[in-house]
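Asker: The structure that follows is given in the form of structure tokens.
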Amino acid sequence: MASGELALQSGECVAAGVPAERLLVDRCRQGDPEAFSRLVALHEGMVFNLAARLLGDSEEARDLSQEVFLQVYRHLGRFQGRSSLKTWIYRIVVNQCRNRQRWWRRRRVDRASSLEELTSAEEAKASTAACGGPESPFDQACRRERSQRVQAALLALPFHHRTVLVLREVEGLSCEGIASMLELPEGTVKSRLARARDSLRRSLFPELGEGRLP
Amino acid sequence: MNCRSARRRLSAFLDGDLVPVEARAVIGHLEACSGCREHARDLSAVSEALSQMPRVEPPGSIALAVRDRIEVESRGPGLALLFRSSWRARPLMLPSLIPAALVVVTVLAAALALDGEPAAQGILDGSWGSGLQASGTDANPLQPVAGVRVPRVRGTGRFPAEALTGMAEGTLFLETVVARDGSVLAVNVLDGNTALAAPVLEALRRERFWPGLYNGRPVAVSVYRLISRLDVRPPLT
């Protein structure tokens, strides 16, 4: 059966990671502090990046990342292993960001720019390589400004639109993956995605309104 | 296919989620309609802009910070030392329900004049004496406990007075979790009115400490503090 084979294949793709992950989780559950530090070190980059993009503030994101891992530490016993550890952690990040949004909404909008100073060194190197030479200060400034504009436009979206957009376009998850992570029907994810993309299009390219629609 | 239904399908089209017959209809429409073509181009530019956003890296190791916080959390209930704002007052020891064996409570009291008289300015900038002087500074040293050196705020230890100006009158009971390297891991409000206290929390989050030591070894410690603000009117002349 074709679908069965496909499932087997994709299962094999991640097979190398799964036993190692399970082993790590088991060691954490037994209270091995080294193992837990390793688990955090493996996921801290992705947790921080997602939180930073959803909240638009690096200090909030740092705080939230700590809270996320404390929650992981306390609730690791509840982790069933039905989804991957990464998906489970992503879900905690989104939930925590949502809670924080309620309390701290629009508290420090002016600090959104602080994010771009935290771009990783590899990222800068990669963009240098892509341009075929060292990036000029002007290009750097343009890139930074562009990404600040996108971040500001993201923050103007409602939280549930921003979440699907960031998970899809920044983190590169599939609609199906997002749906199962957020426990939503896939259709809802797709319609939110369409609306979020359209709002972002309108704020990034304001000169093109809906006027042209006959 | 008209513009409206084509545009409704563009997002799914760009994701490759349309069934072939629908996708062909969208392509057919885009070939004929320059407006929708532009719309589609903008939508894919949005996706591209998002996917090209650089990854941001945490400013320090989160793993280390989390390790320290777990250490503080897992110590179990202990004794809290309440250090009062005057160094002459003996520290009060009280059983703490808050899980941490190494606990320090300091009291910061701020007296602010209600109507911004010049006298109030003196209080605010700290020249008024110990009003804003935190325990743990040279002016107000903490009492030693065997084997324990409590964390001390670096620098003057003077609380930025402007942070208190917006705060509602009353008392905040706060926990600051200090990491082994002396950085502040978290500031938690345990009790009190948090209305307009954001600048206070912000200032506390920026503090740097000389780390707490236990038998000579740096440890993560929770520092509990009471910050009171009471408004006093200057005496009538």
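Residue names in the structure tokens use chain letters A, B, ... in the order shown, residue numbers from 1 in each chain, and ligand numbers from 1 in the order shown.
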Pull out every residue of chain B that has at least one atom within 9 Å of chain A, counting only C-alpha atoms, and report them as a PyMOL selection string.
Answerer: chain B and resi 3-4+8-12+35-36+38-39+42-43+45-67+69-70+185-186
Asker: Step one, run DSSP on the backbone; step two, keep only residues of region 50-97 of chain A assigned to helix (DSSP H, G or I); then write them as a PyMOL selection string.
Answerer: chain A and resi 50-55+58-78+85-97
Asker: Restricting the calculation to only C-alpha atoms, which member of B:Val26, B:Leu18, B:Leu213, B:Val150 is positioned closest to Arg180 (chain B)?
Answerer: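 For Arg180 (chain B), the nearest of the candidates is B:Leu213.
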